[in-house]
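Text of the file model-v3.cif, holding mmCIF, C-alpha atoms and all ligand atoms:
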data_upload
#
loop_
_atom_site.group_PDB
_atom_site.id
_atom_site.type_symbol
_atom_site.label_atom_id
_atom_site.label_comp_id
_atom_site.auth_asym_id
_atom_site.auth_seq_id
_atom_site.Cartn_x
_atom_site.Cartn_y
_atom_site.Cartn_z
ATOM 1 C CA MET E 1 92.581 97.501 -37.448
ATOM 2 C CA ARG E 2 90.874 94.233 -38.489
ATOM 3 C CA VAL E 3 92.234 92.611 -41.670
ATOM 4 C CA LEU E 4 90.849 89.692 -43.672
ATOM 5 C CA LEU E 5 93.726 87.763 -45.277
ATOM 6 C CA VAL E 6 92.907 85.207 -47.976
ATOM 7 C CA GLY E 7 95.714 82.667 -48.431
ATOM 8 C CA GLY E 8 97.498 83.244 -45.129
ATOM 9 C CA SER E 9 98.945 79.710 -45.134
ATOM 10 C CA GLY E 10 100.775 80.124 -48.464
ATOM 11 C CA THR E 11 104.398 80.937 -49.231
ATOM 12 C CA ILE E 12 103.696 84.661 -49.544
ATOM 13 C CA GLY E 13 100.634 84.677 -47.275
ATOM 14 C CA ARG E 14 102.488 83.292 -44.238
ATOM 15 C CA GLU E 15 104.901 86.212 -44.347
ATOM 16 C CA VAL E 16 102.108 88.707 -45.018
ATOM 17 C CA ALA E 17 100.260 87.413 -41.950
ATOM 18 C CA ALA E 18 103.389 87.751 -39.819
ATOM 19 C CA ALA E 19 104.162 91.239 -41.133
ATOM 20 C CA LEU E 20 100.601 92.502 -40.565
ATOM 21 C CA LYS E 21 100.518 91.038 -37.046
ATOM 22 C CA ALA E 22 103.886 92.680 -36.333
ATOM 23 C CA GLN E 23 102.117 95.991 -37.033
ATOM 24 C CA GLY E 24 99.635 95.153 -34.293
ATOM 25 C CA LEU E 25 96.806 94.411 -36.726
ATOM 26 C CA ASP E 26 94.089 91.831 -36.005
ATOM 27 C CA VAL E 27 94.379 89.325 -38.886
ATOM 28 C CA VAL E 28 91.554 86.930 -39.812
ATOM 29 C CA GLU E 29 93.043 84.233 -42.069
ATOM 30 C CA VAL E 30 90.862 82.347 -44.535
ATOM 31 C CA SER E 31 91.426 79.859 -47.332
ATOM 32 C CA ARG E 32 89.779 76.674 -48.537
ATOM 33 C CA HIS E 33 90.981 74.716 -45.496
ATOM 34 C CA THR E 34 90.454 77.163 -42.624
ATOM 35 C CA ARG E 35 87.663 76.619 -40.080
ATOM 36 C CA PRO E 36 85.172 77.842 -39.027
ATOM 37 C CA LEU E 37 85.509 80.528 -41.728
ATOM 38 C CA SER E 38 86.680 79.355 -45.155
ATOM 39 C CA VAL E 39 86.528 80.546 -48.745
ATOM 40 C CA ASP E 40 87.106 79.143 -52.206
ATOM 41 C CA LEU E 41 87.920 82.006 -54.574
ATOM 42 C CA ALA E 42 86.737 79.902 -57.511
ATOM 43 C CA GLN E 43 83.191 79.777 -56.077
ATOM 44 C CA PRO E 44 81.350 83.128 -56.027
ATOM 45 C CA GLU E 45 78.770 81.817 -53.521
ATOM 46 C CA SER E 46 81.588 80.822 -51.178
ATOM 47 C CA ILE E 47 82.910 84.404 -51.243
ATOM 48 C CA ARG E 48 79.448 85.807 -50.521
ATOM 49 C CA ALA E 49 78.958 83.333 -47.644
ATOM 50 C CA MET E 50 82.334 84.238 -46.135
ATOM 51 C CA TYR E 51 81.516 87.948 -46.169
ATOM 52 C CA ALA E 52 78.078 87.285 -44.674
ATOM 53 C CA ALA E 53 79.751 85.521 -41.722
ATOM 54 C CA LEU E 54 82.676 87.931 -41.397
ATOM 55 C CA GLY E 55 81.189 91.270 -40.407
ATOM 56 C CA ARG E 56 83.084 94.541 -40.854
ATOM 57 C CA VAL E 57 86.795 94.807 -41.569
ATOM 58 C CA ASP E 58 89.233 97.627 -42.314
ATOM 59 C CA ALA E 59 91.184 95.769 -44.987
ATOM 60 C CA VAL E 60 90.909 92.759 -47.268
ATOM 61 C CA VAL E 61 94.182 91.248 -48.499
ATOM 62 C CA SER E 62 94.446 88.425 -51.016
ATOM 63 C CA ALA E 63 97.646 86.395 -51.332
ATOM 64 C CA ALA E 64 95.886 83.615 -53.208
ATOM 65 C CA GLY E 65 94.733 82.727 -56.678
ATOM 66 C CA GLU E 66 95.515 79.910 -59.072
ATOM 67 C CA ALA E 67 96.224 80.106 -62.798
ATOM 68 C CA LYS E 68 97.552 77.469 -65.168
ATOM 69 C CA PHE E 69 101.178 77.442 -66.306
ATOM 70 C CA ALA E 70 101.598 75.413 -69.536
ATOM 71 C CA PRO E 71 102.678 75.903 -73.163
ATOM 72 C CA LEU E 72 100.097 77.869 -75.137
ATOM 73 C CA ALA E 73 99.443 74.957 -77.501
ATOM 74 C CA GLN E 74 98.585 72.767 -74.513
ATOM 75 C CA LEU E 75 96.338 75.234 -72.699
ATOM 76 C CA GLY E 76 92.787 73.974 -73.124
ATOM 77 C CA ASP E 77 89.448 75.705 -72.591
ATOM 78 C CA GLY E 78 89.345 74.312 -69.072
ATOM 79 C CA ASP E 79 92.762 75.742 -68.234
ATOM 80 C CA PHE E 80 91.725 79.242 -69.279
ATOM 81 C CA GLU E 81 88.403 78.853 -67.486
ATOM 82 C CA LEU E 82 90.159 77.777 -64.278
ATOM 83 C CA SER E 83 92.602 80.684 -64.467
ATOM 84 C CA LEU E 84 89.912 83.285 -65.124
ATOM 85 C CA ARG E 85 87.502 81.885 -62.556
ATOM 86 C CA ASN E 86 90.047 81.395 -59.789
ATOM 87 C CA LYS E 87 92.832 83.988 -59.726
ATOM 88 C CA LEU E 88 91.112 86.706 -61.809
ATOM 89 C CA MET E 89 87.399 86.651 -60.959
ATOM 90 C CA GLY E 90 88.060 85.232 -57.490
ATOM 91 C CA GLN E 91 89.959 88.361 -56.546
ATOM 92 C CA VAL E 92 87.687 90.702 -58.535
ATOM 93 C CA ASN E 93 84.747 89.211 -56.629
ATOM 94 C CA LEU E 94 86.544 89.784 -53.315
ATOM 95 C CA VAL E 95 86.287 93.484 -54.153
ATOM 96 C CA ARG E 96 82.799 93.440 -55.697
ATOM 97 C CA PHE E 97 81.145 91.452 -52.921
ATOM 98 C CA GLY E 98 83.278 92.847 -50.097
ATOM 99 C CA LEU E 99 82.599 96.571 -50.433
ATOM 100 C CA PRO E 100 79.684 96.579 -47.938
ATOM 101 C CA ASN E 101 81.917 94.844 -45.352
ATOM 102 C CA LEU E 102 84.635 97.484 -45.536
ATOM 103 C CA ASN E 103 84.750 100.355 -43.074
ATOM 104 C CA ASP E 104 85.171 103.885 -44.472
ATOM 105 C CA GLY E 105 88.768 104.489 -45.563
ATOM 106 C CA GLY E 106 89.466 100.753 -45.758
ATOM 107 C CA SER E 107 91.440 98.979 -48.440
ATOM 108 C CA PHE E 108 91.635 95.994 -50.749
ATOM 109 C CA THR E 109 95.027 94.553 -51.697
ATOM 110 C CA LEU E 110 95.077 91.921 -54.449
ATOM 111 C CA THR E 111 97.928 89.858 -55.936
ATOM 112 C CA SER E 112 98.987 89.722 -59.587
ATOM 113 C CA GLY E 113 102.605 88.903 -60.486
ATOM 114 C CA VAL E 114 105.702 89.649 -62.508
ATOM 115 C CA LEU E 115 104.468 87.558 -65.463
ATOM 116 C CA ALA E 116 102.072 90.412 -66.326
ATOM 117 C CA ARG E 117 105.004 92.488 -67.574
ATOM 118 C CA SER E 118 107.820 89.938 -68.002
ATOM 119 C CA PRO E 119 106.221 86.908 -69.658
ATOM 120 C CA MET E 120 107.939 83.612 -70.387
ATOM 121 C CA PRO E 121 107.014 80.588 -72.491
ATOM 122 C CA GLY E 122 104.190 78.844 -70.634
ATOM 123 C CA SER E 123 102.835 81.955 -68.933
ATOM 124 C CA ALA E 124 100.097 82.977 -71.411
ATOM 125 C CA ALA E 125 97.171 82.225 -69.080
ATOM 126 C CA ILE E 126 98.908 83.615 -66.003
ATOM 127 C CA SER E 127 100.107 86.736 -67.843
ATOM 128 C CA LEU E 128 96.535 87.307 -69.078
ATOM 129 C CA VAL E 129 95.108 87.037 -65.571
ATOM 130 C CA ASN E 130 97.821 89.140 -63.901
ATOM 131 C CA ALA E 131 97.482 91.946 -66.451
ATOM 132 C CA GLY E 132 93.706 91.787 -66.017
ATOM 133 C CA LEU E 133 94.034 92.197 -62.262
ATOM 134 C CA GLU E 134 96.273 95.222 -62.688
ATOM 135 C CA GLY E 135 93.838 96.861 -65.134
ATOM 136 C CA PHE E 136 90.916 96.083 -62.831
ATOM 137 C CA THR E 137 92.707 97.602 -59.851
ATOM 138 C CA ARG E 138 93.508 100.882 -61.600
ATOM 139 C CA ALA E 139 89.880 101.238 -62.722
ATOM 140 C CA ALA E 140 88.139 99.989 -59.565
ATOM 141 C CA ALA E 141 90.139 102.426 -57.431
ATOM 142 C CA LEU E 142 88.512 105.310 -59.339
ATOM 143 C CA GLU E 143 85.031 104.174 -58.306
ATOM 144 C CA ALA E 144 85.563 102.798 -54.802
ATOM 145 C CA PRO E 145 83.249 104.688 -52.419
ATOM 146 C CA ARG E 146 83.790 106.068 -48.881
ATOM 147 C CA GLY E 147 87.558 106.587 -49.258
ATOM 148 C CA ILE E 148 88.137 102.883 -49.845
ATOM 149 C CA ARG E 149 91.452 102.150 -51.591
ATOM 150 C CA VAL E 150 92.248 99.355 -54.074
ATOM 151 C CA ASN E 151 95.807 98.219 -54.824
ATOM 152 C CA VAL E 152 97.492 95.153 -56.278
ATOM 153 C CA VAL E 153 100.876 93.731 -55.319
ATOM 154 C CA SER E 154 102.776 92.313 -58.295
ATOM 155 C CA PRO E 155 105.436 90.058 -56.752
ATOM 156 C CA PRO E 156 108.557 88.947 -58.560
ATOM 157 C CA TRP E 157 109.561 85.290 -58.357
ATOM 158 C CA VAL E 158 109.799 84.410 -54.689
ATOM 159 C CA THR E 159 113.040 82.814 -53.466
ATOM 160 C CA GLU E 160 111.261 80.027 -51.572
ATOM 161 C CA THR E 161 109.154 79.178 -54.651
ATOM 162 C CA LEU E 162 112.152 79.055 -56.995
ATOM 163 C CA ARG E 163 113.904 76.721 -54.547
ATOM 164 C CA ALA E 164 110.827 74.493 -54.173
ATOM 165 C CA LEU E 165 110.469 74.241 -57.969
ATOM 166 C CA LYS E 166 114.245 73.741 -58.396
ATOM 167 C CA MET E 167 114.296 76.727 -60.765
ATOM 168 C CA PRO E 168 117.368 78.915 -61.281
ATOM 169 C CA GLY E 169 117.613 82.470 -59.977
ATOM 170 C CA GLU E 170 117.574 84.214 -56.629
ATOM 171 C CA GLY E 171 114.121 85.780 -56.503
ATOM 172 C CA LEU E 172 112.975 87.898 -53.566
ATOM 173 C CA PRO E 173 112.388 86.318 -50.129
ATOM 174 C CA ALA E 174 108.706 86.161 -49.213
ATOM 175 C CA ALA E 175 109.378 88.239 -46.099
ATOM 176 C CA GLN E 176 110.495 91.128 -48.316
ATOM 177 C CA VAL E 177 107.540 90.681 -50.668
ATOM 178 C CA ALA E 178 105.280 90.924 -47.601
ATOM 179 C CA ARG E 179 106.384 94.505 -46.969
ATOM 180 C CA ALA E 180 104.509 95.600 -50.100
ATOM 181 C CA TYR E 181 101.243 94.314 -48.607
ATOM 182 C CA VAL E 182 101.875 96.191 -45.364
ATOM 183 C CA ARG E 183 102.578 99.341 -47.407
ATOM 184 C CA SER E 184 99.258 98.936 -49.215
ATOM 185 C CA VAL E 185 97.235 98.310 -46.040
ATOM 186 C CA THR E 186 98.777 100.985 -43.834
ATOM 187 C CA GLY E 187 99.592 103.648 -46.478
ATOM 188 C CA GLN E 188 97.507 106.042 -48.540
ATOM 189 C CA GLU E 189 98.040 104.739 -52.091
ATOM 190 C CA THR E 190 95.157 103.688 -54.302
ATOM 191 C CA GLY E 191 95.007 102.315 -57.842
ATOM 192 C CA ALA E 192 98.640 101.301 -57.443
ATOM 193 C CA VAL E 193 100.422 98.295 -58.895
ATOM 194 C CA ILE E 194 103.040 97.760 -56.182
ATOM 195 C CA GLU E 195 106.173 95.946 -57.337
ATOM 196 C CA PRO E 196 108.168 94.689 -54.342
HETATM 197 N N1 LIG E 201 105.357 82.402 -55.247
HETATM 198 C C1 LIG E 201 105.760 83.165 -56.264
HETATM 199 O O1 LIG E 201 106.921 83.111 -56.725
HETATM 200 C C2 LIG E 201 104.792 84.154 -56.853
HETATM 201 C C3 LIG E 201 105.266 85.136 -57.734
HETATM 202 C C4 LIG E 201 104.360 86.045 -58.280
HETATM 203 C C5 LIG E 201 103.008 85.953 -57.957
HETATM 204 N N2 LIG E 201 102.575 84.978 -57.109
HETATM 205 C C6 LIG E 201 101.151 84.919 -56.779
HETATM 206 O O2 LIG E 201 100.990 85.081 -55.388
HETATM 207 C C7 LIG E 201 99.843 84.338 -54.947
HETATM 208 C C8 LIG E 201 100.257 83.431 -53.800
HETATM 209 O O3 LIG E 201 101.317 82.611 -54.262
HETATM 210 P P1 LIG E 201 102.025 81.563 -53.271
HETATM 211 O O4 LIG E 201 103.218 81.047 -53.994
HETATM 212 O O5 LIG E 201 102.175 82.141 -51.913
HETATM 213 O O6 LIG E 201 100.903 80.417 -53.251
HETATM 214 P P2 LIG E 201 100.814 79.116 -52.351
HETATM 215 O O7 LIG E 201 102.054 78.920 -51.534
HETATM 216 O O8 LIG E 201 100.366 78.009 -53.242
HETATM 217 O O9 LIG E 201 99.632 79.452 -51.301
HETATM 218 C C9 LIG E 201 98.344 79.684 -51.770
HETATM 219 C C10 LIG E 201 97.462 80.124 -50.599
HETATM 220 O O10 LIG E 201 96.176 80.430 -51.116
HETATM 221 C C11 LIG E 201 95.201 79.504 -50.591
HETATM 222 N N3 LIG E 201 94.339 79.139 -51.712
HETATM 223 C C12 LIG E 201 94.662 78.385 -52.791
HETATM 224 N N4 LIG E 201 93.597 78.252 -53.599
HETATM 225 C C13 LIG E 201 92.586 78.957 -53.020
HETATM 226 C C14 LIG E 201 91.230 79.198 -53.373
HETATM 227 N N5 LIG E 201 90.688 78.695 -54.489
HETATM 228 N N6 LIG E 201 90.480 79.956 -52.553
HETATM 229 C C15 LIG E 201 91.000 80.473 -51.402
HETATM 230 N N7 LIG E 201 92.274 80.291 -51.023
HETATM 231 C C16 LIG E 201 93.057 79.523 -51.827
HETATM 232 C C17 LIG E 201 95.996 78.342 -50.011
HETATM 233 O O11 LIG E 201 95.343 77.720 -48.903
HETATM 234 P P3 LIG E 201 94.288 76.510 -49.095
HETATM 235 O O12 LIG E 201 95.020 75.412 -49.813
HETATM 236 O O13 LIG E 201 93.876 76.173 -47.696
HETATM 237 O O14 LIG E 201 93.150 77.044 -49.893
HETATM 238 C C18 LIG E 201 97.260 79.048 -49.532
HETATM 239 O O15 LIG E 201 97.023 79.673 -48.283
HETATM 240 C C19 LIG E 201 99.331 83.594 -56.186
HETATM 241 O O16 LIG E 201 98.307 84.355 -56.776
HETATM 242 C C20 LIG E 201 100.527 83.569 -57.103
HETATM 243 O O17 LIG E 201 100.182 83.488 -58.471
HETATM 244 C C21 LIG E 201 103.434 84.084 -56.541
#

Structure re-expressed in structure tokens:
Amino acid sequence: MRVLLVGGSGTIGREVAAALKAQGLDVVEVSRHTRPLSVDLAQPESIRAMYAALGRVDAVVSAAGEAKFAPLAQLGDGDFELSLRNKLMGQVNLVRFGLPNLNDGGSFTLTSGVLARSPMPGSAAISLVNAGLEGFTRAAALEAPRGIRVNVVSPPWVTETLRALKMPGEGLPAAQVARAYVRSVTGQETGAVIEP
């Protein structure tokens, strides 16, 4: 099975790549800094160009997407635009533009996050985007052709991220979060919001 993984060098993505490879899957990793194949989720033409160069795959997994964390009163137009363009529409466009590249019975797995359902001060833009991704996934799964499945993983705070940000709490290790992506790729679920 050939899998495109967007964001395979990230905190979550590294573990997703390792977990997918441990299943014997052929993983093609892309992000802004990979070569020869790269992608910038914030640029629709970049997503189209990546798919044109990629050929057919059995699964597309996204462990990427940026949205702005800041107090509501400080979130400007540009912050909302960045969040919508990057994490929300970047991943929506991975599905929209990627359908022709997917083999029958293939799957898309996107990433939202815990702030969709458990917000905190500063998370307004991220909560908006995460909830949007979950709504999109439930709806898109109903219309995906040729047995193609669409799921979204909604990770809790990741242990490594909390430590890096010097934030309190335990979180869930990225290696455990990664299991949810494997479940989405290798299982039968569709339209699911998977909470590791
Ligand atoms: N970490 C957490 O605690 C946590 C919790 C809940 C949800 N999430 C969500 O999970 C996702 C991954 O989080 P993370 O902490 O693993 O992120 P991360 O460590 O910052 O890694 C991000 C990955 O995405 C790539 N990337 C960044 N911007 C991109 C773009 N515009 N186009 C294509 N690739 C891009 C990066 O590579 P390049 O720099 O080469 O592009 C990198 O591989 C995010 O959507 C985040 O909101 C994270």

When the PyMOL selection byres (((chain E and resi 175-186) around 7) and not hetatm) is applied to the structure above, which residues does it catch, written out as a list in words? Ile12, Glu15, Val16, Ala19, Leu20, Ala59, Ser107, Thr109, Asn151, Val153, Pro155, Leu172, Pro173, Ala174, Gly187, Glu189, Ile194 and Pro196 of chain E

Would you write out, as a ChimeraX atom specification, every residue that the PyMOL selection byres (((chain E and resi 78-80) around 10) and not hetatm) captures in this file? /E:67-70,74-77,81-86,124-126,128-129

Expansion of the PyMOL selection byres (((not hetatm)) within 8 of (chain E and resi 201)) into residues, as number ranges by chain: E: 6-14, 30-34, 38-43, 62-67, 86-87, 90, 111-115, 126, 154-162, 171, 174

For the residues in the current selection, export C-alpha atoms as a short mmCIF file (atom, residue, chain, number, x, y, z; two decimals), in the coordinates of the input.
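Dumped everything to out.cif:
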data_model
loop_
_atom_site.label_atom_id
_atom_site.label_comp_id
_atom_site.auth_asym_id
_atom_site.auth_seq_id
_atom_site.Cartn_x
_atom_site.Cartn_y
_atom_site.Cartn_z
CA VAL E 6 92.91 85.21 -47.98
CA GLY E 7 95.71 82.67 -48.43
CA GLY E 8 97.50 83.24 -45.13
CA SER E 9 98.94 79.71 -45.13
CA GLY E 10 100.78 80.12 -48.46
CA THR E 11 104.40 80.94 -49.23
CA ILE E 12 103.70 84.66 -49.54
CA GLY E 13 100.63 84.68 -47.28
CA ARG E 14 102.49 83.29 -44.24
CA VAL E 30 90.86 82.35 -44.54
CA SER E 31 91.43 79.86 -47.33
CA ARG E 32 89.78 76.67 -48.54
CA HIS E 33 90.98 74.72 -45.50
CA THR E 34 90.45 77.16 -42.62
CA SER E 38 86.68 79.36 -45.16
CA VAL E 39 86.53 80.55 -48.74
CA ASP E 40 87.11 79.14 -52.21
CA LEU E 41 87.92 82.01 -54.57
CA ALA E 42 86.74 79.90 -57.51
CA GLN E 43 83.19 79.78 -56.08
CA SER E 62 94.45 88.42 -51.02
CA ALA E 63 97.65 86.40 -51.33
CA ALA E 64 95.89 83.62 -53.21
CA GLY E 65 94.73 82.73 -56.68
CA GLU E 66 95.52 79.91 -59.07
CA ALA E 67 96.22 80.11 -62.80
CA ASN E 86 90.05 81.40 -59.79
CA LYS E 87 92.83 83.99 -59.73
CA GLY E 90 88.06 85.23 -57.49
CA THR E 111 97.93 89.86 -55.94
CA SER E 112 98.99 89.72 -59.59
CA GLY E 113 102.60 88.90 -60.49
CA VAL E 114 105.70 89.65 -62.51
CA LEU E 115 104.47 87.56 -65.46
CA ILE E 126 98.91 83.62 -66.00
CA SER E 154 102.78 92.31 -58.30
CA PRO E 155 105.44 90.06 -56.75
CA PRO E 156 108.56 88.95 -58.56
CA TRP E 157 109.56 85.29 -58.36
CA VAL E 158 109.80 84.41 -54.69
CA THR E 159 113.04 82.81 -53.47
CA GLU E 160 111.26 80.03 -51.57
CA THR E 161 109.15 79.18 -54.65
CA LEU E 162 112.15 79.06 -57.00
CA GLY E 171 114.12 85.78 -56.50
CA ALA E 174 108.71 86.16 -49.21
#

Shell around range 48-57 of chain E at 9 Å using all atoms listed in the file, local window under 6 positions removed, as a CSV table (one decimal) with C-alpha atoms, in the frame of the given file:
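Below is the file that was written, result_12.csv:
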chain,number,residue,atom,x,y,z
E,1,MET,CA,92.6,97.5,-37.4
E,2,ARG,CA,90.9,94.2,-38.5
E,3,VAL,CA,92.2,92.6,-41.7
E,4,LEU,CA,90.8,89.7,-43.7
E,30,VAL,CA,90.9,82.3,-44.5
E,37,LEU,CA,85.5,80.5,-41.7
E,38,SER,CA,86.7,79.4,-45.2
E,39,VAL,CA,86.5,80.5,-48.7
E,93,ASN,CA,84.7,89.2,-56.6
E,94,LEU,CA,86.5,89.8,-53.3
E,97,PHE,CA,81.1,91.5,-52.9
E,98,GLY,CA,83.3,92.8,-50.1
E,100,PRO,CA,79.7,96.6,-47.9
E,101,ASN,CA,81.9,94.8,-45.4
E,102,LEU,CA,84.6,97.5,-45.5
E,103,ASN,CA,84.8,100.4,-43.1
E,106,GLY,CA,89.5,100.8,-45.8

Restrict the calculation to only C-alpha atoms, then for each residue of range 70-105 of chain E with any atom at most 9 Å from an atom of range 133-138 of chain E give the closest atom pair and their distance in Å to one decimal, rows by chain and rising residue number, as a Markdown table.
| residue | atom | partner | partner_atom | distance |
| --- | --- | --- | --- | --- |
| E:Lys87 | CA | E:Leu133 | CA | 8.7 |
| E:Leu88 | CA | E:Leu133 | CA | 6.2 |
| E:Met89 | CA | E:Leu133 | CA | 8.7 |
| E:Gln91 | CA | E:Leu133 | CA | 8.0 |
| E:Val92 | CA | E:Leu133 | CA | 7.5 |

Check the smallest atom-to-atom distance from each of E:Gly191, E:Pro44, E:Pro119, E:Gly147 to Asp104 in chain E using all atoms listed in the file, then report the winner.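 Using all atoms listed in the file, the shortest distance to Asp104 in chain E belongs to E:Gly147.
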
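Across the structure, CA of Ile47 in chain E and CA of Leu99 in chain E are spaced 12.2 Å apart.
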
What is the CA of Pro71 in chain E to CA of Pro121 in chain E distance in Å? 6.4 Å

Option closest in space to Arg149 in chain E, from E:Leu72, E:Val60, E:Gly132, E:Pro168 [counting only C-alpha atoms]: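 Ranking E:Leu72, E:Val60, E:Gly132, E:Pro168 by distance to Arg149 in chain E, first place goes to E:Val60.
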
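Atom pair CA of Glu195 in chain E / CA of Val150 in chain E: separated by 14.7 Å.
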